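Pasting protein_29.cif here (mmCIF, C-alpha atoms):
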data_structure
#
loop_
_atom_site.label_atom_id
_atom_site.label_comp_id
_atom_site.auth_asym_id
_atom_site.auth_seq_id
_atom_site.Cartn_x
_atom_site.Cartn_y
_atom_site.Cartn_z
CA MET A 1 28.99 -32.93 -52.32
CA MET A 2 27.07 -35.99 -51.35
CA ASP A 3 26.70 -38.68 -53.96
CA SER A 4 24.17 -41.41 -54.47
CA ALA A 5 26.57 -44.03 -53.19
CA ASP A 6 26.53 -42.29 -49.80
CA ILE A 7 22.79 -42.56 -49.78
CA ALA A 8 22.85 -46.13 -51.04
CA ALA A 9 25.03 -47.12 -48.11
CA HIS A 10 22.10 -46.38 -45.84
CA ILE A 11 19.49 -48.43 -47.69
CA PRO A 12 19.78 -51.63 -45.63
CA ARG A 13 19.34 -49.72 -42.39
CA LEU A 14 16.52 -47.61 -43.76
CA ARG A 15 14.77 -50.81 -44.82
CA ARG A 16 15.22 -52.39 -41.41
CA TYR A 17 13.80 -49.33 -39.69
CA ALA A 18 10.97 -48.95 -42.18
CA ARG A 19 9.95 -52.58 -41.78
CA ALA A 20 9.72 -52.22 -38.04
CA LEU A 21 7.95 -48.90 -38.38
CA ALA A 22 5.45 -49.70 -41.10
CA GLY A 23 4.84 -53.35 -40.46
CA ASP A 24 4.51 -55.09 -43.79
CA SER A 25 7.39 -55.24 -46.23
CA HIS A 26 5.65 -53.68 -49.19
CA ARG A 27 4.64 -50.57 -47.30
CA ALA A 28 8.08 -50.45 -45.76
CA ASP A 29 9.82 -50.45 -49.13
CA ASP A 30 7.41 -47.80 -50.38
CA LEU A 31 8.52 -45.73 -47.45
CA VAL A 32 12.18 -46.32 -48.28
CA GLN A 33 11.63 -45.47 -51.92
CA ASP A 34 9.86 -42.21 -51.09
CA THR A 35 12.65 -41.40 -48.67
CA LEU A 36 15.39 -42.05 -51.21
CA GLU A 37 13.64 -39.98 -53.83
CA ARG A 38 13.18 -37.11 -51.48
CA ALA A 39 16.76 -37.36 -50.23
CA LEU A 40 18.10 -37.20 -53.77
CA THR A 41 15.94 -34.23 -54.71
CA LYS A 42 16.85 -32.42 -51.53
CA SER A 43 20.50 -33.36 -51.49
CA HIS A 44 21.52 -29.73 -51.95
CA LEU A 45 19.99 -29.03 -48.53
CA TRP A 46 22.28 -31.46 -46.80
CA ARG A 47 25.15 -29.71 -45.06
CA ARG A 48 28.44 -31.34 -45.80
CA GLY A 49 29.99 -32.62 -42.60
CA SER A 50 26.67 -33.11 -40.88
CA ASP A 51 25.43 -36.59 -40.12
CA LEU A 52 24.01 -38.08 -43.29
CA ARG A 53 22.42 -40.97 -41.45
CA ALA A 54 20.46 -38.68 -39.11
CA TRP A 55 19.46 -36.59 -42.11
CA MET A 56 18.16 -39.62 -44.01
CA PHE A 57 16.21 -40.84 -41.00
CA ALA A 58 14.78 -37.37 -40.50
CA ILE A 59 13.54 -37.47 -44.08
CA MET A 60 12.02 -40.88 -43.50
CA HIS A 61 10.31 -39.55 -40.39
CA ASN A 62 8.71 -36.73 -42.38
CA VAL A 63 7.62 -39.04 -45.16
CA PHE A 64 6.19 -41.48 -42.64
CA ILE A 65 4.28 -38.82 -40.74
CA ASN A 66 2.87 -37.42 -43.97
CA GLN A 67 1.71 -40.86 -45.01
CA LEU A 68 0.07 -41.39 -41.65
CA LYS A 69 -1.66 -38.05 -41.88
CA ALA A 70 -2.84 -38.89 -45.35
CA ARG A 71 -4.31 -42.11 -44.02
CA ARG A 72 -5.61 -40.42 -40.90
CA GLU A 73 -3.79 -43.05 -38.93
CA LEU A 74 -2.44 -40.60 -36.44
CA ALA A 75 -5.94 -40.16 -35.16
CA LEU A 76 -6.41 -43.90 -35.08
CA ASP A 77 -3.21 -44.31 -33.13
CA GLU A 78 -4.39 -41.82 -30.57
CA ALA A 79 -7.67 -43.65 -30.31
CA ALA A 80 -5.86 -46.94 -29.82
CA GLU A 81 -3.81 -45.37 -27.08
CA ALA A 82 -6.90 -44.06 -25.32
CA ALA A 83 -8.48 -47.49 -25.55
CA LEU A 84 -5.42 -49.10 -24.05
CA GLU A 85 -5.32 -46.54 -21.29
CA SER A 86 -8.86 -47.36 -20.28
CA ALA A 87 -8.61 -51.12 -20.77
CA PRO A 88 -9.54 -52.94 -17.59
CA GLN A 89 -6.55 -54.43 -15.77
CA SER A 90 -8.24 -57.82 -15.60
CA ASP A 91 -8.09 -58.08 -19.36
CA PRO A 92 -4.42 -57.75 -20.30
CA LEU A 93 -3.65 -57.98 -23.97
CA GLN A 94 -2.21 -61.36 -24.72
CA LEU A 95 -0.03 -60.29 -27.59
CA ARG A 96 2.85 -62.63 -28.03
CA ASP A 97 4.25 -61.24 -31.18
CA LEU A 98 6.68 -58.37 -30.89
CA ALA A 99 5.83 -57.05 -34.34
CA ALA A 100 2.15 -57.01 -33.46
CA ALA A 101 2.89 -55.30 -30.17
CA LEU A 102 4.97 -52.66 -31.93
CA ALA A 103 2.13 -51.98 -34.33
CA ARG A 104 -0.08 -51.25 -31.34
CA LEU A 105 2.20 -48.48 -30.11
CA PRO A 106 1.42 -44.90 -31.04
CA ALA A 107 3.59 -44.01 -34.03
CA GLU A 108 5.57 -41.40 -32.14
CA GLN A 109 6.53 -43.88 -29.43
CA ARG A 110 7.28 -46.58 -31.97
CA GLU A 111 9.67 -44.25 -33.79
CA VAL A 112 11.65 -43.40 -30.68
CA LEU A 113 11.76 -46.98 -29.48
CA LEU A 114 13.09 -48.12 -32.84
CA LEU A 115 15.60 -45.34 -33.35
CA VAL A 116 17.08 -45.95 -29.91
CA GLY A 117 16.59 -49.68 -29.46
CA LEU A 118 17.03 -50.93 -32.99
CA GLU A 119 19.11 -48.27 -34.74
CA GLN A 120 21.09 -47.44 -31.60
CA PHE A 121 20.80 -43.72 -32.14
CA SER A 122 21.93 -41.57 -29.23
CA TYR A 123 19.09 -39.59 -27.66
CA ALA A 124 20.52 -36.46 -29.24
CA GLU A 125 20.52 -38.08 -32.69
CA ALA A 126 16.96 -39.27 -32.21
CA SER A 127 15.96 -35.77 -31.18
CA GLN A 128 17.57 -34.43 -34.36
CA ALA A 129 15.97 -37.03 -36.62
CA LEU A 130 12.49 -36.51 -35.16
CA ASN A 131 12.88 -32.77 -34.72
CA VAL A 132 11.68 -32.80 -31.12
CA PRO A 133 13.46 -31.84 -27.88
CA ILE A 134 15.46 -34.52 -26.06
CA GLY A 135 12.98 -34.35 -23.19
CA THR A 136 10.25 -35.41 -25.60
CA VAL A 137 12.43 -38.25 -26.85
CA MET A 138 12.88 -39.41 -23.27
CA SER A 139 9.22 -39.27 -22.35
CA ARG A 140 8.17 -41.08 -25.54
CA LEU A 141 10.86 -43.69 -24.93
CA SER A 142 9.72 -44.19 -21.38
CA ARG A 143 6.05 -44.46 -22.29
CA GLY A 144 6.76 -46.63 -25.31
CA ARG A 145 8.80 -49.09 -23.31
CA GLU A 146 6.18 -49.30 -20.63
CA ARG A 147 3.47 -49.83 -23.22
CA LEU A 148 5.48 -52.50 -25.00
CA ARG A 149 6.04 -54.26 -21.72
CA THR A 150 2.33 -54.27 -21.00
CA LEU A 151 1.55 -55.53 -24.48
CA MET A 152 4.12 -58.27 -24.25
CA SER A 153 3.25 -59.36 -20.74
CA GLY A 154 1.54 -62.67 -20.72
CA ALA A 155 4.18 -64.02 -23.03
CA PRO A 156 6.61 -66.04 -20.92
CA ALA A 157 10.17 -64.94 -21.63
CA ALA A 158 11.12 -68.35 -22.96
CA THR A 159 8.28 -68.38 -25.49
CA MET A 160 9.14 -64.87 -26.57
CA ASN A 161 12.77 -65.74 -27.15
CA PHE A 162 11.83 -68.86 -29.02
CA LYS A 163 9.61 -66.88 -31.33
CA LEU A 164 12.23 -64.26 -31.94
CA VAL A 165 15.12 -66.46 -32.94
CA ARG A 166 13.07 -68.66 -35.23
CA MET B 1 25.52 -37.25 -5.18
CA SER B 2 22.56 -36.23 -7.29
CA LYS B 3 19.57 -38.47 -7.61
CA ILE B 4 19.41 -41.13 -10.31
CA THR B 5 16.51 -40.29 -12.62
CA GLN B 6 14.40 -42.42 -14.97
CA ALA B 7 16.30 -40.84 -17.82
CA ASP B 8 19.57 -42.06 -16.29
CA LEU B 9 18.18 -45.57 -16.10
CA HIS B 10 17.14 -45.51 -19.75
CA ALA B 11 20.52 -44.13 -20.77
CA TYR B 12 22.16 -46.87 -18.74
CA ALA B 13 20.06 -49.57 -20.41
CA ASP B 14 20.97 -48.09 -23.80
CA ALA B 15 24.68 -47.85 -23.00
CA GLN B 16 24.67 -44.11 -23.56
CA LEU B 17 26.44 -43.09 -20.36
CA ASP B 18 30.06 -42.23 -19.84
CA GLU B 19 32.08 -44.41 -17.51
CA ALA B 20 31.65 -42.35 -14.31
CA HIS B 21 27.94 -41.94 -14.83
CA ARG B 22 27.55 -45.61 -15.68
CA LEU B 23 29.23 -46.68 -12.45
CA ARG B 24 26.94 -44.43 -10.41
CA VAL B 25 23.83 -45.93 -11.97
CA GLU B 26 25.25 -49.40 -11.48
CA ALA B 27 25.76 -48.70 -7.79
CA HIS B 28 22.21 -47.39 -7.57
CA ILE B 29 20.49 -50.34 -9.18
CA ALA B 30 22.47 -52.78 -7.06
CA HIS B 31 20.09 -51.91 -4.21
CA ASP B 32 17.00 -50.92 -6.16
CA ALA B 33 15.36 -54.09 -7.40
CA GLU B 34 12.64 -52.28 -9.32
CA ALA B 35 15.10 -50.14 -11.23
CA ALA B 36 17.23 -53.19 -11.98
CA GLU B 37 14.19 -55.04 -13.29
CA ASN B 38 13.21 -52.10 -15.50
CA VAL B 39 16.68 -51.96 -16.97
CA ARG B 40 16.61 -55.70 -17.61
CA VAL B 41 13.28 -55.50 -19.41
CA TRP B 42 14.35 -52.53 -21.54
CA ARG B 43 17.54 -54.26 -22.60
CA GLU B 44 15.55 -57.34 -23.44
CA GLN B 45 13.25 -55.21 -25.58
CA ASN B 46 16.23 -53.77 -27.44
CA GLN B 47 17.69 -57.21 -28.00
CA ALA B 48 14.34 -58.57 -29.14
CA LEU B 49 13.96 -55.74 -31.67
CA ARG B 50 17.40 -56.40 -33.10
CA ALA B 51 16.85 -60.14 -33.20
CA LEU B 52 13.61 -59.66 -35.06
CA TYR B 53 14.68 -57.02 -37.56
CA ASN B 54 18.43 -57.39 -38.06
CA PRO B 55 18.01 -60.12 -40.70
CA ILE B 56 16.61 -57.41 -42.99
CA LEU B 57 20.09 -55.90 -43.20
CA ASN B 58 21.25 -58.96 -45.09
CA GLU B 59 18.36 -59.15 -47.51
CA PRO B 60 19.16 -58.21 -51.08
CA VAL B 61 17.98 -54.67 -51.74
CA PRO B 62 14.96 -54.70 -54.08
CA GLN B 63 15.65 -53.54 -57.59
CA ARG B 64 13.12 -50.75 -57.40
CA LEU B 65 15.08 -49.12 -54.59
CA LEU B 66 18.35 -49.48 -56.44
CA ALA B 67 16.70 -47.94 -59.46
CA VAL B 68 16.05 -44.70 -57.59
CA ARG B 69 18.45 -42.25 -59.10
CA ALA B 70 19.08 -38.60 -59.12
CA SER B 71 17.44 -38.23 -62.46
CA ARG B 72 16.19 -34.70 -62.02
CA ILE B 73 19.30 -33.11 -60.63
CA ARG B 74 22.88 -32.77 -61.61
CA TRP B 75 25.51 -34.40 -59.51
CA PRO B 76 29.03 -33.32 -60.33
CA TYR B 77 30.58 -36.08 -58.26
CA TYR B 78 28.04 -38.67 -59.28
CA ALA B 79 28.73 -37.99 -62.91
CA ILE B 80 32.48 -38.33 -62.45
CA ALA B 81 32.16 -41.50 -60.45
CA ALA B 82 29.73 -43.03 -62.87
CA GLY B 83 32.04 -42.18 -65.72
CA ALA B 84 35.10 -43.54 -63.98
CA MET B 85 33.62 -46.65 -62.53
CA GLY B 86 30.94 -47.66 -64.94
CA LEU B 87 27.25 -47.80 -64.38
CA SER B 88 27.58 -50.16 -61.48
CA PHE B 89 28.49 -47.19 -59.34
CA GLY B 90 24.99 -45.84 -59.06
CA LEU B 91 22.75 -46.82 -56.25
CA GLY B 92 23.08 -50.20 -57.88
CA TRP B 93 26.67 -50.86 -57.06
CA MET B 94 26.00 -52.29 -53.69
CA ALA B 95 23.39 -54.80 -54.73
CA HIS B 96 25.84 -57.63 -55.07
CA PRO B 97 29.29 -56.07 -54.97
CA GLN B 98 30.90 -59.40 -54.20
CA GLN B 99 29.47 -60.93 -57.32
CA GLN B 100 30.79 -58.40 -59.75
CA SER B 101 33.00 -60.04 -62.28
CA GLY B 102 36.73 -59.62 -61.93
CA ARG B 103 37.42 -60.26 -65.58
CA ALA B 104 38.11 -56.69 -66.57
CA VAL B 105 40.65 -55.91 -63.88
CA ASP B 106 42.50 -58.51 -61.92
CA THR B 107 42.46 -57.74 -58.21
CA GLY B 108 44.51 -60.82 -57.41
CA ALA B 109 45.06 -61.55 -53.78
CA LEU B 110 44.39 -57.98 -52.67
CA PRO B 111 41.58 -58.59 -50.14
CA ARG B 112 43.29 -61.64 -48.68
CA ARG B 113 46.63 -59.89 -48.25
CA ALA B 114 44.95 -56.84 -46.77
CA ALA B 115 43.02 -58.96 -44.29
CA VAL B 116 46.17 -60.80 -43.22
CA ALA B 117 47.99 -57.50 -42.71
CA TYR B 118 45.03 -56.27 -40.67
CA ALA B 119 45.01 -59.43 -38.56
CA VAL B 120 48.73 -59.07 -37.84
CA TYR B 121 48.90 -55.39 -36.95
CA ALA B 122 45.47 -54.30 -35.73
CA PRO B 123 45.72 -56.18 -32.40
CA GLU B 124 49.22 -54.78 -31.81
CA VAL B 125 49.26 -52.72 -28.64
CA ARG B 126 52.73 -51.23 -28.52
CA HIS B 127 53.80 -51.10 -32.14
CA PRO B 128 50.75 -50.94 -34.39
CA VAL B 129 52.54 -48.56 -36.76
CA GLU B 130 56.09 -47.63 -37.73
CA VAL B 131 55.40 -43.94 -38.11
CA GLY B 132 52.78 -42.29 -35.94
CA ALA B 133 50.11 -39.77 -36.82
CA GLU B 134 52.20 -36.94 -35.36
CA GLN B 135 54.56 -37.35 -38.33
CA GLN B 136 51.79 -37.53 -40.87
CA ASP B 137 53.55 -35.50 -43.57
CA HIS B 138 56.68 -37.56 -43.30
CA LEU B 139 54.60 -40.76 -43.34
CA VAL B 140 52.87 -39.87 -46.59
CA LYS B 141 56.09 -38.68 -48.24
CA TRP B 142 57.98 -41.78 -47.23
CA LEU B 143 55.34 -44.28 -48.32
CA SER B 144 54.68 -42.38 -51.57
CA LYS B 145 58.37 -42.58 -52.35
CA ARG B 146 58.58 -46.29 -51.63
CA LEU B 147 55.49 -47.09 -53.68
CA GLY B 148 56.63 -44.82 -56.48
CA HIS B 149 53.26 -43.09 -56.53
CA GLN B 150 51.92 -40.04 -54.75
CA LEU B 151 49.59 -41.29 -52.02
CA LYS B 152 46.75 -39.40 -50.42
CA LEU B 153 45.84 -39.91 -46.82
CA PRO B 154 42.08 -39.92 -46.17
CA GLN B 155 40.88 -38.12 -43.05
CA LEU B 156 38.20 -40.13 -41.32
CA ALA B 157 37.47 -37.98 -38.28
CA GLN B 158 33.93 -37.44 -39.52
CA GLN B 159 33.43 -41.18 -39.48
CA GLY B 160 34.85 -41.28 -35.95
CA PHE B 161 38.31 -42.59 -36.84
CA ASP B 162 41.60 -40.88 -36.15
CA LEU B 163 44.85 -41.74 -37.82
CA VAL B 164 47.14 -43.94 -35.74
CA GLY B 165 49.90 -43.96 -38.35
CA GLY B 166 51.25 -46.22 -41.02
CA ARG B 167 53.85 -48.73 -42.03
CA LEU B 168 55.56 -50.25 -45.01
CA LEU B 169 54.84 -53.89 -45.78
CA PRO B 170 56.09 -56.41 -48.29
CA GLY B 171 53.41 -57.16 -50.86
CA GLY B 172 53.31 -59.79 -53.56
CA LYS B 173 55.16 -57.62 -56.04
CA GLY B 174 56.81 -54.92 -54.01
CA PRO B 175 56.19 -52.51 -51.19
CA VAL B 176 52.73 -51.89 -49.80
CA ALA B 177 51.52 -49.08 -47.54
CA GLN B 178 49.24 -49.69 -44.60
CA PHE B 179 47.51 -46.81 -42.86
CA MET B 180 45.79 -47.49 -39.57
CA TYR B 181 42.89 -45.60 -37.99
CA GLN B 182 41.16 -46.05 -34.70
CA ASP B 183 37.93 -44.88 -33.10
CA PRO B 184 37.60 -43.81 -29.45
CA LYS B 185 36.57 -47.33 -28.48
CA GLY B 186 39.76 -48.76 -29.94
CA GLN B 187 38.12 -50.23 -33.03
CA ARG B 188 40.74 -50.22 -35.77
CA ILE B 189 40.54 -49.93 -39.52
CA THR B 190 43.39 -50.31 -41.98
CA LEU B 191 43.72 -48.96 -45.48
CA TYR B 192 46.05 -51.15 -47.51
CA VAL B 193 47.45 -49.55 -50.63
CA SER B 194 49.44 -51.49 -53.18
CA ARG B 195 51.03 -50.52 -56.45
CA ARG B 196 49.93 -52.58 -59.42
CA ASP B 197 52.27 -53.35 -62.27
CA ALA B 198 49.40 -54.36 -64.54
CA GLU B 199 47.71 -51.87 -66.83
CA PRO B 200 45.93 -49.10 -64.95
CA GLY B 201 42.29 -49.94 -64.46
CA GLU B 202 39.23 -49.27 -62.39
CA THR B 203 36.81 -51.49 -60.59
CA ALA B 204 33.70 -50.87 -58.58
CA PHE B 205 33.72 -51.55 -54.87
CA ARG B 206 33.97 -55.19 -54.06
CA PHE B 207 33.43 -56.89 -50.80
CA SER B 208 35.14 -59.86 -49.29
CA GLN B 209 34.61 -61.45 -45.91
CA GLU B 210 37.94 -62.90 -44.82
CA GLU B 211 36.83 -64.89 -41.82
CA LYS B 212 36.11 -62.25 -39.17
CA ILE B 213 37.54 -59.42 -41.20
CA ALA B 214 35.41 -57.47 -43.62
CA VAL B 215 37.24 -55.99 -46.62
CA PHE B 216 36.05 -53.48 -49.19
CA TYR B 217 38.51 -53.18 -52.03
CA TRP B 218 38.83 -51.50 -55.38
CA ILE B 219 41.35 -50.65 -58.03
CA ASP B 220 41.89 -47.10 -59.12
CA GLY B 221 44.51 -46.47 -61.75
CA LYS B 222 47.88 -47.82 -60.68
CA LEU B 223 46.81 -48.47 -57.11
CA GLY B 224 44.78 -51.14 -55.38
CA TYR B 225 43.02 -50.18 -52.18
CA ALA B 226 41.59 -52.40 -49.48
CA LEU B 227 39.87 -51.17 -46.36
CA SER B 228 39.73 -53.84 -43.67
CA ALA B 229 38.21 -54.08 -40.24
CA GLU B 230 36.59 -56.48 -37.91
CA MET B 231 33.22 -54.77 -38.04
CA ASP B 232 29.90 -55.17 -39.74
CA ARG B 233 29.76 -54.64 -43.43
CA ALA B 234 27.29 -51.75 -43.38
CA ARG B 235 29.45 -49.67 -41.06
CA LEU B 236 32.62 -50.43 -42.96
CA LEU B 237 30.88 -49.48 -46.19
CA THR B 238 30.17 -46.02 -44.81
CA VAL B 239 33.87 -45.57 -44.12
CA ALA B 240 34.89 -47.08 -47.47
CA THR B 241 32.60 -44.64 -49.23
CA ALA B 242 34.19 -41.74 -47.38
CA VAL B 243 37.68 -42.99 -48.27
CA TYR B 244 36.79 -43.36 -51.91
CA ARG B 245 35.27 -39.94 -52.06
CA GLN B 246 38.31 -38.30 -50.54
CA LEU B 247 40.65 -40.10 -52.89
CA ASN B 248 38.50 -39.04 -55.84
CA PRO B 249 37.30 -35.55 -55.00
#
Rewrite the structure from the file as structure tokens, please.
Amino acid sequence: MMDSADIAAHIPRLRRYARALAGDSHRADDLVQDTLERALTKSHLWRRGSDLRAWMFAIMHNVFINQLKARRELALDEAAEAALESAPQSDPLQLRDLAAALARLPAEQREVLLLVGLEQFSYAEASQALNVPIGTVMSRLSRGRERLRTLMSGAPAATMNFKLVR
Amino acid sequence: MSKITQADLHAYADAQLDEAHRLRVEAHIAHDAEAAENVRVWREQNQALRALYNPILNEPVPQRLLAVRASRIRWPYYAIAAGAMGLSFGLGWMAHPQQQSGRAVDTGALPRRAAVAYAVYAPEVRHPVEVGAEQQDHLVKWLSKRLGHQLKLPQLAQQGFDLVGGRLLPGGKGPVAQFMYQDPKGQRITLYVSRRDAEPGETAFRFSQEEKIAVFYWIDGKLGYALSAEMDRARLLTVATAVYRQLNP
């Protein structure tokens, strides 16, 4: 039987992921709170011996997607992607802030990038948490990284590092 | 030799390849400047993400998150733990475990002694333990006898740690048992178990950072436990929680 202390152990990491995913800290903690509540109510569905961390992140993914749907932000994300796709090459986005660049990624790419790059999930774990095939994880990762690179280009590496370690 | 794919390059950048595979990709990118540059950029992205967001791990958890409890469902284990360890063992117990008062039960030098024992034996290559995992039953019987208390040996395979073995150590007031575990990368964890001659008591989890060594420790009845490792607190906490749960099923 899982207990609440098991779940509590994951709070700091859920908060880190949520912050990167949702942007501002208030929305991020809302996301964590909804996730914790759902995890506790659904704890009987967790199979003992399976990876609790992946399970918690899978719950957060579902909560997050539902919130996006409720706010119709999925559609907005797709629109943003289309706009980026068609942006003229002569007008590269001059985003210097990683957080801002992340926010410009489609949610599905942002999730994969964060699970792999920040949370250091294996591709298989990310596939489990997001409930998509590994091939989809790989293609989102690849596109997300390329997009992030484009968004961040224009920021000299030194400036970027300086900003990050502040 | 099969072709190196984009997926291989990503897996290489994310350190998700086994040794043989890793070497193949390394050989490939040595003469493919574009692939090497991609890998460099991706790694930089990963590092940048961690640099930006890792500080959140050390922020105090907001009260409203700690207040989330399993109010609508029944938790057999939760109820027992809460009863045994006081209310601090809800989601709330990890808010400031290191600040919890030690007035009720004296834990003495437990974390310090455990960390020293870890520092002495964990780096040991040839003789990390006196009795190896292959003689597990004997190990537990022997140490239980010396401590004068039946010990239980947690199994941490689910957390990625296999038993290396154990040894008997001198403690402040008598014999102490040290069990050692190791993950496939060679990361070691020790569980230090000492017999207390004070009144039996219970404490919540407490945390102590003994220089590089993180220690979670607690008192349960006649025994004091300390789980030590040179690893980040969050990861050690996951293992400590598993240990506690197995010792208190």
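Residues in contact with Ala124 of chain A at up to 9 Å, not including ones fewer than 6 positions away on its chain and judged by all atoms listed in the file, are Pro133, Ile134 and Val137 of chain A.
Closest to Arg16 of chain A among B:Ala240, B:Ala35, B:Val61, B:Ala27 is B:Val61, based on all atoms listed in the file.
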Can you tell me how far atom CA of Arg22 of chain B sits from atom CA of Leu118 of chain A, in Å to one decimal?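 Distance reported for this atom pair: 20.9 Å.
Nearest-residue note for Ala28 of chain A: choosing from A:Thr136, A:Phe64, A:Glu111, A:Ile59, the minimum distance belongs to A:Phe64, counting all atoms listed in the file.
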Report as a ChimeraX atom specification all protein, DNA and RNA residues lying within 9 Å of segment 175-189 of chain B, evaluated on only C-alpha atoms, omitting residues in the same chain fewer than 6 positions from it. /B:114,117-118,121-123,128-129,143-144,146-147,153,156-157,159-169,195,227-231,236
I'd like to see the residues matched by the PyMOL selection byres ((chain B and resi 36) around 12) on this file, and ideally I'd get them as a PyMOL selection string. chain B and resi 6+9-10+12-13+25-35+37-43
Could you tell me how far atom CA of Thr238 of chain B lies from atom CA of Leu52 of chain B, in Å and to one decimal? 23.6 Å
When you draw a straight line from atom CA of Leu68 of chain A to atom CA of Arg19 of chain A, how long is it in Å?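 Result for atom CA of Leu68 of chain A versus atom CA of Arg19 of chain A: 14.9 Å, one decimal.
Nearest residue to chain B, choosing from A:Leu31, A:Ala101, A:Leu21, A:Leu40 and counting only C-alpha atoms: A:Leu40.
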The PyMOL selection byres ((chain B and resi 58) around 12) - which residues does that actually catch in the file I just gave you? List them as a PyMOL selection string. (chain A and resi 11-13+15-16) or (chain B and resi 53-57+59-62+94-96+232-234)
Hits from the PyMOL selection byres ((chain A and resi 35) around 9), listed as a PyMOL selection string: chain A and resi 14+30-34+36-40+56-57+59-64
Between A:Gln67, A:Ser142, A:Gln109, A:Ser127, which one has atoms that come closest to chain B, using all atoms listed in the file?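 Among A:Gln67, A:Ser142, A:Gln109, A:Ser127, it is A:Ser142 that comes nearest to chain B.
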So, counting all atoms listed in the file, which residue among B:Glu19, B:Ala198, B:Trp218, B:Gln158 is closest to chain A?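 Closest to chain A of all the choices is B:Gln158.
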Using all atoms listed in the file, which of the listed residues (B:Arg112, B:Lys173, B:Arg50, B:Arg196) sits closest to Gln120 of chain A?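 Going through B:Arg112, B:Lys173, B:Arg50, B:Arg196 one by one, the smallest distance to Gln120 of chain A is for B:Arg50.
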